[in-house]
file run_29.txt (compact mmCIF, C-alpha atoms and all ligand atoms)
# COMPACT_ATOMS: atom_id res chain seq x y z
CA MET A 1 274.47 177.04 -68.04
CA PRO A 2 274.59 178.11 -71.69
CA GLU A 3 273.65 181.70 -72.40
CA PRO A 4 270.11 182.06 -73.71
CA PRO A 5 269.84 183.59 -77.20
CA LEU A 6 269.65 187.38 -77.27
CA PHE A 7 266.18 187.67 -78.77
CA GLU A 8 263.65 184.94 -79.44
CA VAL A 9 260.20 185.12 -80.92
CA GLU A 10 258.46 181.80 -80.51
CA ASN A 11 255.22 180.75 -82.18
CA LEU A 12 253.97 184.33 -81.93
CA HIS A 13 250.33 184.94 -82.78
CA VAL A 14 249.10 188.52 -83.02
CA ALA A 15 245.58 189.86 -83.59
CA THR A 16 244.00 193.28 -83.75
CA THR A 17 242.19 194.52 -80.65
CA ASP A 18 238.90 193.46 -82.22
CA GLY A 19 240.19 189.93 -82.66
CA THR A 20 241.22 189.74 -86.32
CA PRO A 21 244.24 187.40 -86.46
CA ILE A 22 247.16 188.85 -88.43
CA LEU A 23 250.30 186.94 -87.52
CA SER A 24 250.21 183.21 -87.01
CA GLY A 25 253.14 181.40 -85.54
CA ILE A 26 256.22 183.58 -86.07
CA ASP A 27 259.52 181.94 -85.02
CA LEU A 28 262.66 184.01 -85.05
CA THR A 29 265.89 183.85 -83.06
CA VAL A 30 268.46 186.62 -83.24
CA GLY A 31 271.78 185.84 -81.57
CA ALA A 32 274.20 188.39 -80.16
CA GLY A 33 275.95 190.27 -82.93
CA GLU A 34 273.66 189.00 -85.68
CA VAL A 35 271.71 191.00 -88.23
CA HIS A 36 268.42 189.56 -89.43
CA ALA A 37 266.25 191.02 -92.15
CA LEU A 38 262.52 190.46 -92.35
CA MET A 39 261.01 191.09 -95.74
CA GLY A 40 257.55 190.74 -97.15
CA PRO A 41 255.10 192.25 -99.62
CA ASN A 42 252.57 194.90 -98.63
CA GLY A 43 249.97 193.61 -96.23
CA SER A 44 252.04 190.61 -95.12
CA GLY A 45 252.16 191.76 -91.49
CA LYS A 46 255.54 193.48 -91.20
CA SER A 47 254.21 196.58 -89.45
CA THR A 48 252.05 194.42 -87.22
CA LEU A 49 255.10 192.45 -86.11
CA ALA A 50 257.05 195.65 -85.48
CA SER A 51 254.12 197.02 -83.46
CA ALA A 52 253.79 193.82 -81.44
CA LEU A 53 257.51 193.80 -80.67
CA LEU A 54 257.07 197.43 -79.66
CA ALA A 55 254.19 196.50 -77.31
CA SER A 56 251.81 198.73 -79.23
CA PRO A 57 248.31 198.78 -77.68
CA GLU A 58 246.83 198.44 -81.18
CA TYR A 59 247.61 194.72 -81.24
CA VAL A 60 247.19 191.77 -78.92
CA VAL A 61 249.55 188.84 -78.58
CA THR A 62 247.20 185.87 -78.62
CA GLY A 63 249.82 183.14 -78.41
CA GLY A 64 253.51 182.40 -78.19
CA SER A 65 256.21 184.45 -76.58
CA ILE A 66 258.89 187.08 -76.97
CA ARG A 67 262.05 186.50 -74.95
CA PHE A 68 264.94 188.86 -74.44
CA ARG A 69 268.15 187.50 -72.90
CA GLY A 70 266.12 184.64 -71.50
CA ASP A 71 263.40 186.79 -69.92
CA ASP A 72 259.86 186.41 -71.17
CA ILE A 73 258.99 190.01 -72.09
CA THR A 74 255.69 189.25 -73.82
CA ASP A 75 253.74 191.20 -71.20
CA TRP A 76 256.26 193.97 -70.69
CA SER A 77 255.29 197.52 -71.63
CA ALA A 78 257.18 199.40 -74.32
CA ASP A 79 258.78 201.51 -71.61
CA VAL A 80 260.12 198.53 -69.66
CA ARG A 81 261.36 196.87 -72.86
CA GLY A 82 263.29 200.03 -73.68
CA LYS A 83 264.86 200.22 -70.24
CA ALA A 84 265.96 196.60 -70.53
CA GLY A 85 267.93 197.41 -73.69
CA LEU A 86 265.56 196.77 -76.54
CA PHE A 87 265.63 199.54 -79.10
CA LEU A 88 262.54 199.99 -81.15
CA ALA A 89 263.10 202.53 -83.83
CA PHE A 90 259.90 203.64 -85.35
CA GLN A 91 258.78 206.53 -87.40
CA TYR A 92 257.54 209.50 -85.45
CA PRO A 93 254.16 210.42 -86.78
CA GLN A 94 253.77 213.23 -84.29
CA GLU A 95 255.86 216.35 -84.32
CA PHE A 96 257.87 217.41 -81.32
CA PRO A 97 257.75 221.18 -81.58
CA GLY A 98 260.35 223.01 -79.52
CA VAL A 99 262.47 219.96 -78.63
CA SER A 100 265.93 219.85 -80.14
CA VAL A 101 267.60 216.64 -81.27
CA MET A 102 270.04 217.07 -78.37
CA ASN A 103 267.31 217.48 -75.77
CA PHE A 104 265.37 214.59 -77.15
CA LEU A 105 268.46 212.36 -76.91
CA ARG A 106 268.99 213.51 -73.34
CA GLN A 107 265.43 212.58 -72.36
CA ALA A 108 265.63 209.27 -74.19
CA LEU A 109 268.89 208.40 -72.45
CA SER A 110 267.46 209.33 -69.09
CA ALA A 111 264.46 207.06 -69.75
CA ARG A 112 266.66 204.22 -70.97
CA LYS A 113 269.43 204.25 -68.38
CA GLY A 114 268.13 206.41 -65.57
CA ILE A 115 271.20 208.60 -65.84
CA ASP A 116 271.19 212.30 -66.52
CA LEU A 117 274.28 213.25 -68.44
CA SER A 118 275.09 216.92 -68.33
CA ILE A 119 274.34 218.74 -71.54
CA LEU A 120 278.08 219.09 -72.04
CA GLU A 121 278.85 215.38 -71.58
CA LEU A 122 276.04 214.42 -73.90
CA ARG A 123 277.08 217.00 -76.47
CA LEU A 124 280.60 215.56 -76.53
CA ALA A 125 279.28 212.04 -77.02
CA VAL A 126 276.84 213.15 -79.71
CA MET A 127 279.48 215.19 -81.54
CA GLU A 128 281.80 212.19 -81.59
CA TRP A 129 279.12 210.03 -83.17
CA MET A 130 278.11 212.74 -85.61
CA GLU A 131 281.67 212.90 -86.82
CA ARG A 132 281.68 209.14 -87.42
CA PHE A 133 278.37 209.42 -89.23
CA ASN A 134 279.60 212.39 -91.28
CA MET A 135 276.77 214.53 -89.99
CA ASP A 136 276.71 218.31 -89.84
CA PRO A 137 277.13 219.25 -86.12
CA ALA A 138 274.37 221.84 -86.52
CA PHE A 139 271.90 218.97 -86.79
CA ALA A 140 272.04 218.41 -83.01
CA ASP A 141 270.35 221.75 -82.46
CA ARG A 142 267.61 221.31 -85.00
CA TYR A 143 264.10 220.99 -83.68
CA LEU A 144 262.81 217.47 -83.81
CA ASN A 145 260.76 216.62 -86.86
CA ASP A 146 260.28 220.27 -87.60
CA GLY A 147 260.18 219.75 -91.32
CA PHE A 148 262.65 216.87 -91.12
CA SER A 149 263.27 215.09 -94.39
CA GLY A 150 263.25 211.30 -94.47
CA GLY A 151 267.05 211.37 -94.26
CA GLU A 152 267.00 213.70 -91.25
CA LYS A 153 264.56 211.46 -89.40
CA LYS A 154 266.94 208.60 -90.05
CA ARG A 155 269.91 210.63 -88.77
CA ASN A 156 268.01 211.21 -85.56
CA GLU A 157 267.25 207.51 -85.36
CA VAL A 158 270.84 206.33 -85.78
CA LEU A 159 272.00 208.91 -83.23
CA GLN A 160 269.52 207.41 -80.78
CA LEU A 161 270.83 203.96 -81.59
CA ALA A 162 274.40 205.11 -80.90
CA ILE A 163 273.63 207.02 -77.71
CA LEU A 164 271.14 204.61 -76.12
CA GLU A 165 273.46 201.60 -76.55
CA PRO A 166 270.76 198.95 -76.87
CA GLU A 167 271.50 195.20 -76.79
CA MET A 168 268.98 194.53 -79.53
CA ALA A 169 267.71 196.94 -82.16
CA ILE A 170 264.50 196.48 -84.09
CA LEU A 171 264.33 198.77 -87.08
CA ASP A 172 261.08 199.15 -88.93
CA GLU A 173 261.81 200.68 -92.29
CA THR A 174 258.47 199.64 -93.61
CA ASP A 175 256.43 202.75 -94.20
CA SER A 176 258.90 205.54 -94.06
CA GLY A 177 259.16 206.55 -97.68
CA LEU A 178 262.90 206.09 -97.56
CA ASP A 179 264.98 207.25 -100.46
CA ILE A 180 268.39 205.78 -101.22
CA ASP A 181 270.16 208.48 -99.22
CA ALA A 182 268.10 207.70 -96.16
CA LEU A 183 268.78 203.99 -96.63
CA ARG A 184 272.50 204.67 -96.69
CA ILE A 185 272.27 206.74 -93.55
CA VAL A 186 270.47 203.97 -91.70
CA ALA A 187 272.67 201.16 -92.94
CA GLY A 188 275.92 203.08 -92.53
CA GLY A 189 274.85 204.18 -89.06
CA VAL A 190 273.90 200.67 -88.02
CA GLN A 191 277.24 199.33 -89.27
CA GLU A 192 279.17 202.03 -87.36
CA VAL A 193 277.30 201.26 -84.16
CA ARG A 194 277.83 197.51 -84.65
CA ALA A 195 281.55 198.07 -85.11
CA ALA A 196 281.61 199.84 -81.75
CA ARG A 197 279.30 197.33 -80.07
CA PRO A 198 279.74 193.95 -81.78
CA GLY A 199 277.31 192.13 -79.49
CA MET A 200 274.27 194.15 -80.55
CA GLY A 201 271.61 192.17 -82.41
CA VAL A 202 269.60 193.76 -85.22
CA LEU A 203 266.24 192.90 -86.75
CA ALA A 204 265.62 195.08 -89.79
CA ILE A 205 262.07 194.98 -91.08
CA THR A 206 262.00 196.28 -94.60
CA HIS A 207 260.62 195.91 -98.05
CA PHE A 208 263.73 197.48 -99.50
CA ARG A 209 265.97 194.90 -101.07
CA ARG A 210 268.63 197.60 -101.23
CA LEU A 211 268.90 197.81 -97.46
CA LEU A 212 270.17 194.22 -97.46
CA ASP A 213 273.04 195.14 -99.80
CA TYR A 214 274.23 197.64 -97.24
CA LEU A 215 273.57 195.58 -94.11
CA SER A 216 274.53 192.11 -95.41
CA PRO A 217 272.34 190.28 -92.91
CA ASP A 218 273.27 186.89 -91.46
CA ASN A 219 269.69 185.73 -91.95
CA VAL A 220 266.80 186.71 -94.17
CA HIS A 221 263.18 185.86 -93.33
CA ILE A 222 260.25 186.15 -95.68
CA LEU A 223 256.83 186.99 -94.32
CA ILE A 224 253.73 186.35 -96.41
CA GLY A 225 250.15 186.33 -95.20
CA GLY A 226 251.18 186.61 -91.55
CA LYS A 227 253.48 183.57 -91.70
CA LEU A 228 257.22 183.17 -92.14
CA VAL A 229 257.41 181.16 -95.33
CA ALA A 230 261.18 181.02 -95.62
CA SER A 231 264.23 181.69 -93.49
CA GLY A 232 267.74 181.40 -94.74
CA GLY A 233 270.93 183.20 -95.52
CA PHE A 234 271.67 186.08 -97.81
CA GLU A 235 271.01 183.82 -100.81
CA LEU A 236 267.28 184.23 -100.12
CA ALA A 237 267.64 187.90 -101.01
CA ALA A 238 269.12 186.94 -104.37
CA GLN A 239 266.26 184.51 -104.98
CA LEU A 240 263.85 187.28 -104.04
CA ASP A 241 265.50 189.52 -106.62
CA ALA A 242 265.21 186.91 -109.31
CA GLU A 243 261.75 185.58 -108.59
CA GLY A 244 259.96 188.13 -106.40
CA PHE A 245 257.68 187.09 -103.57
CA GLU A 246 255.65 185.00 -106.01
CA ALA A 247 258.04 182.10 -105.49
CA TRP A 248 256.68 181.64 -101.94
CA ARG A 249 253.03 182.43 -102.35
P1 LIG B 301 252.70 195.27 -93.92
O1 LIG B 301 253.34 196.19 -92.95
O2 LIG B 301 253.50 194.05 -94.20
O3 LIG B 301 252.31 195.97 -95.17
P2 LIG B 301 250.53 195.19 -91.98
O4 LIG B 301 251.13 194.60 -90.76
O5 LIG B 301 250.36 196.67 -91.99
O6 LIG B 301 251.32 194.70 -93.27
O7 LIG B 301 249.10 194.54 -92.22
C1 LIG B 301 248.90 193.14 -92.36
C2 LIG B 301 247.44 192.87 -92.61
O8 LIG B 301 246.70 193.10 -91.42
C3 LIG B 301 246.80 193.73 -93.69
O9 LIG B 301 245.89 192.95 -94.39
C4 LIG B 301 246.12 194.82 -92.91
O10 LIG B 301 245.02 195.32 -93.60
C5 LIG B 301 245.70 194.08 -91.65
N1 LIG B 301 245.66 194.97 -90.48
C6 LIG B 301 246.70 195.55 -89.89
N2 LIG B 301 246.32 196.30 -88.84
C7 LIG B 301 244.98 196.19 -88.75
C8 LIG B 301 244.00 196.72 -87.87
N3 LIG B 301 244.32 197.52 -86.85
N4 LIG B 301 242.72 196.37 -88.09
C9 LIG B 301 242.39 195.54 -89.11
N5 LIG B 301 243.25 195.03 -89.97
C10 LIG B 301 244.55 195.33 -89.82
MG MG B 302 253.30 198.21 -93.23

call {"tool": "encode", "arguments": {"input": "run_29.txt", "output": "structure tokens"}}
result
Amino acid sequence: MPEPPLFEVENLHVATTDGTPILSGIDLTVGAGEVHALMGPNGSGKSTLASALLASPEYVVTGGSIRFRGDDITDWSADVRGKAGLFLAFQYPQEFPGVSVMNFLRQALSARKGIDLSILELRLAVMEWMERFNMDPAFADRYLNDGFSGGEKKRNEVLQLAILEPEMAILDETDSGLDIDALRIVAGGVQEVRAARPGMGVLAITHFRRLLDYLSPDNVHILIGGKLVASGGFELAAQLDAEGFEAWR
């Protein structure tokens, strides 16, 4: 039997909890090792898609399906999706006072894989990754989101990506007020992790054209008004540069 694709979104319809439809008929297939970028203007539904893929209770899937390695995960909770190897990086609106980056990674790893690495084992693994990412080792002992800059939040995110070893990573860079430094941290981190784990699929949701320069996605999708209006290769990004989203409206 042929392997099912890594991650498939089929004819996905998403509404708010009070029934307002937002996404209508999203089709997206990410194969192992591929990077896909989803772009769209403000209000097109990018965050809604990220939230639906994250199983956020704010939205309801009203049609279609989400499949991961052949399993229909449409009704799975965020927790179960994470354990299965889906990584949903999102911005942390809440602060985590008194939890260090290291301790947070330890808890996240325990939730993901059900294994409790010793602090020492985890520290070794984290230090190795931090070296690859050119990060200051002191960062591991910083308290989570305690005055983290955008770039520091992103460092924490790529460390999670490296340590949790997901099969499929969904990165929502939509609302995070990323500066160019933070973009480089994310893209560089993602590329390092991909080099170590070539089978990992990536869906990067962004309105930053610049992120695509760093990630060079295999596929680019354009979301407008809750619908995918175009899907293609990297050349779509160039067209987007030249013509803006107007070309598809
Ligand atoms: P993007 O992230 O692309 O800017 P969003 O997914 O945040 O777009 O929003 C898409 C559209 O859905 C917008 O018009 C927004 O106002 C609307 N929307 C999103 N969430 C809700 C909600 N909880 N209730 C009502 N409308 C919403
Ligand atoms: Mg948004």

call {"tool": "residues_near_point", "arguments": {"input": "run_29.txt", "point": "(263.1, 197.9, -76.1)", "cutoff": "10 Å", "atoms": "only C-alpha atoms", "output": "ChimeraX atom specification"}}
result
/A:53-55,68,73,76-89,112,166-170

call {"tool": "closest_atom_pairs", "arguments": {"input": "run_29.txt", "of": "chain A", "to": "ligand LIG 301 (chain B)", "cutoff": "12 Å", "atoms": "all atoms listed in the file", "output": "Markdown table"}}
result
| residue | atom | partner | partner_atom | distance |
| --- | --- | --- | --- | --- |
| A:Val14 | CA | B:LIG301 | O8 | 9.9 |
| A:Ala15 | CA | B:LIG301 | C7 | 8.2 |
| A:Thr16 | CA | B:LIG301 | N3 | 5.3 |
| A:Thr17 | CA | B:LIG301 | N3 | 7.2 |
| A:Asp18 | CA | B:LIG301 | N4 | 7.6 |
| A:Gly19 | CA | B:LIG301 | N4 | 8.8 |
| A:Thr20 | CA | B:LIG301 | C9 | 6.5 |
| A:Pro21 | CA | B:LIG301 | O8 | 7.9 |
| A:Ile22 | CA | B:LIG301 | O8 | 5.2 |
| A:Leu23 | CA | B:LIG301 | C1 | 8.0 |
| A:Ser24 | CA | B:LIG301 | C1 | 11.4 |
| A:Leu38 | CA | B:LIG301 | O2 | 9.9 |
| A:Met39 | CA | B:LIG301 | O2 | 8.2 |
| A:Gly40 | CA | B:LIG301 | O2 | 6.0 |
| A:Pro41 | CA | B:LIG301 | O2 | 5.9 |
| A:Asn42 | CA | B:LIG301 | O3 | 3.6 |
| A:Gly43 | CA | B:LIG301 | O6 | 3.4 |
| A:Ser44 | CA | B:LIG301 | O2 | 3.8 |
| A:Gly45 | CA | B:LIG301 | O4 | 3.1 |
| A:Lys46 | CA | B:LIG301 | O2 | 3.7 |
| A:Ser47 | CA | B:LIG301 | O1 | 3.6 |
| A:Thr48 | CA | B:LIG301 | O4 | 3.7 |
| A:Leu49 | CA | B:LIG301 | O4 | 6.5 |
| A:Ala50 | CA | B:LIG301 | O4 | 8.0 |
| A:Ser51 | CA | B:LIG301 | O4 | 8.3 |
| A:Ala52 | CA | B:LIG301 | O4 | 9.7 |
| A:Leu53 | CA | B:LIG301 | O4 | 12.0 |
| A:Ser56 | CA | B:LIG301 | N3 | 10.8 |
| A:Pro57 | CA | B:LIG301 | N3 | 10.1 |
| A:Glu58 | CA | B:LIG301 | N3 | 6.3 |
| A:Tyr59 | CA | B:LIG301 | N3 | 7.1 |
| A:Val60 | CA | B:LIG301 | N3 | 10.2 |
| A:Asp172 | CA | B:LIG301 | O1 | 9.2 |
| A:Glu173 | CA | B:LIG301 | O1 | 9.6 |
| A:Thr174 | CA | B:LIG301 | O1 | 6.2 |
| A:Asp175 | CA | B:LIG301 | O1 | 7.4 |
| A:Ser176 | CA | B:LIG301 | O1 | 10.9 |
| A:Ile205 | CA | B:LIG301 | O1 | 9.0 |
| A:Thr206 | CA | B:LIG301 | O2 | 8.8 |
| A:His207 | CA | B:LIG301 | O2 | 8.3 |
| A:Ile222 | CA | B:LIG301 | O2 | 10.5 |
| A:Leu223 | CA | B:LIG301 | O2 | 7.8 |
| A:Ile224 | CA | B:LIG301 | O2 | 8.0 |
| A:Gly225 | CA | B:LIG301 | C1 | 7.5 |
| A:Gly226 | CA | B:LIG301 | C1 | 7.0 |
| A:Lys227 | CA | B:LIG301 | C1 | 10.6 |
| A:Leu228 | CA | B:LIG301 | O2 | 11.7 |

call {"tool": "atom_distance", "arguments": {"input": "run_29.txt", "atom1": "atom CA of Arg249 of chain A", "atom2": "atom CA of Leu211 of chain A"}}
result
22.6 Å

call {"tool": "atom_distance", "arguments": {"input": "run_29.txt", "atom1": "atom CA of Glu128 of chain A", "atom2": "atom CA of Ala196 of chain A"}}
result
12.4 Å

call {"tool": "residues_around", "arguments": {"input": "run_29.txt", "residues": "Ala237 of chain A", "least_positions_apart": "4", "cutoff": "8 Å", "atoms": "only C-alpha atoms", "output": "compact mmCIF listing (two decimals) with C-alpha atoms, in the coordinates of the input"}}
result
# COMPACT_ATOMS: atom_id res chain seq x y z
CA ARG A 209 265.97 194.90 -101.07
CA LEU A 212 270.17 194.22 -97.46
CA VAL A 220 266.80 186.71 -94.17
CA GLY A 233 270.93 183.20 -95.52
CA ASP A 241 265.50 189.52 -106.62

call {"tool": "atom_distance", "arguments": {"input": "run_29.txt", "atom1": "atom CA of Gly199 of chain A", "atom2": "atom CA of Glu121 of chain A"}}
result
24.6 Å

call {"tool": "axis_aligned_box", "arguments": {"input": "run_29.txt", "around": "segment 123-127 of chain A", "padding_each_side": "3 Å", "output": "lines of an AutoDock Vina configuration file"}}
result
center_x = 278.7
center_y = 214.5
center_z = -79.0
size_x = 9.8
size_y = 11.0
size_z = 11.1

call {"tool": "residues_around", "arguments": {"input": "run_29.txt", "residues": "Ser216 of chain A", "least_positions_apart": "2", "cutoff": "8 Å", "atoms": "all atoms listed in the file", "output": "list in words"}}
result
Val35, Leu212, Asp213, Tyr214, Asp218 and Phe234 of chain A
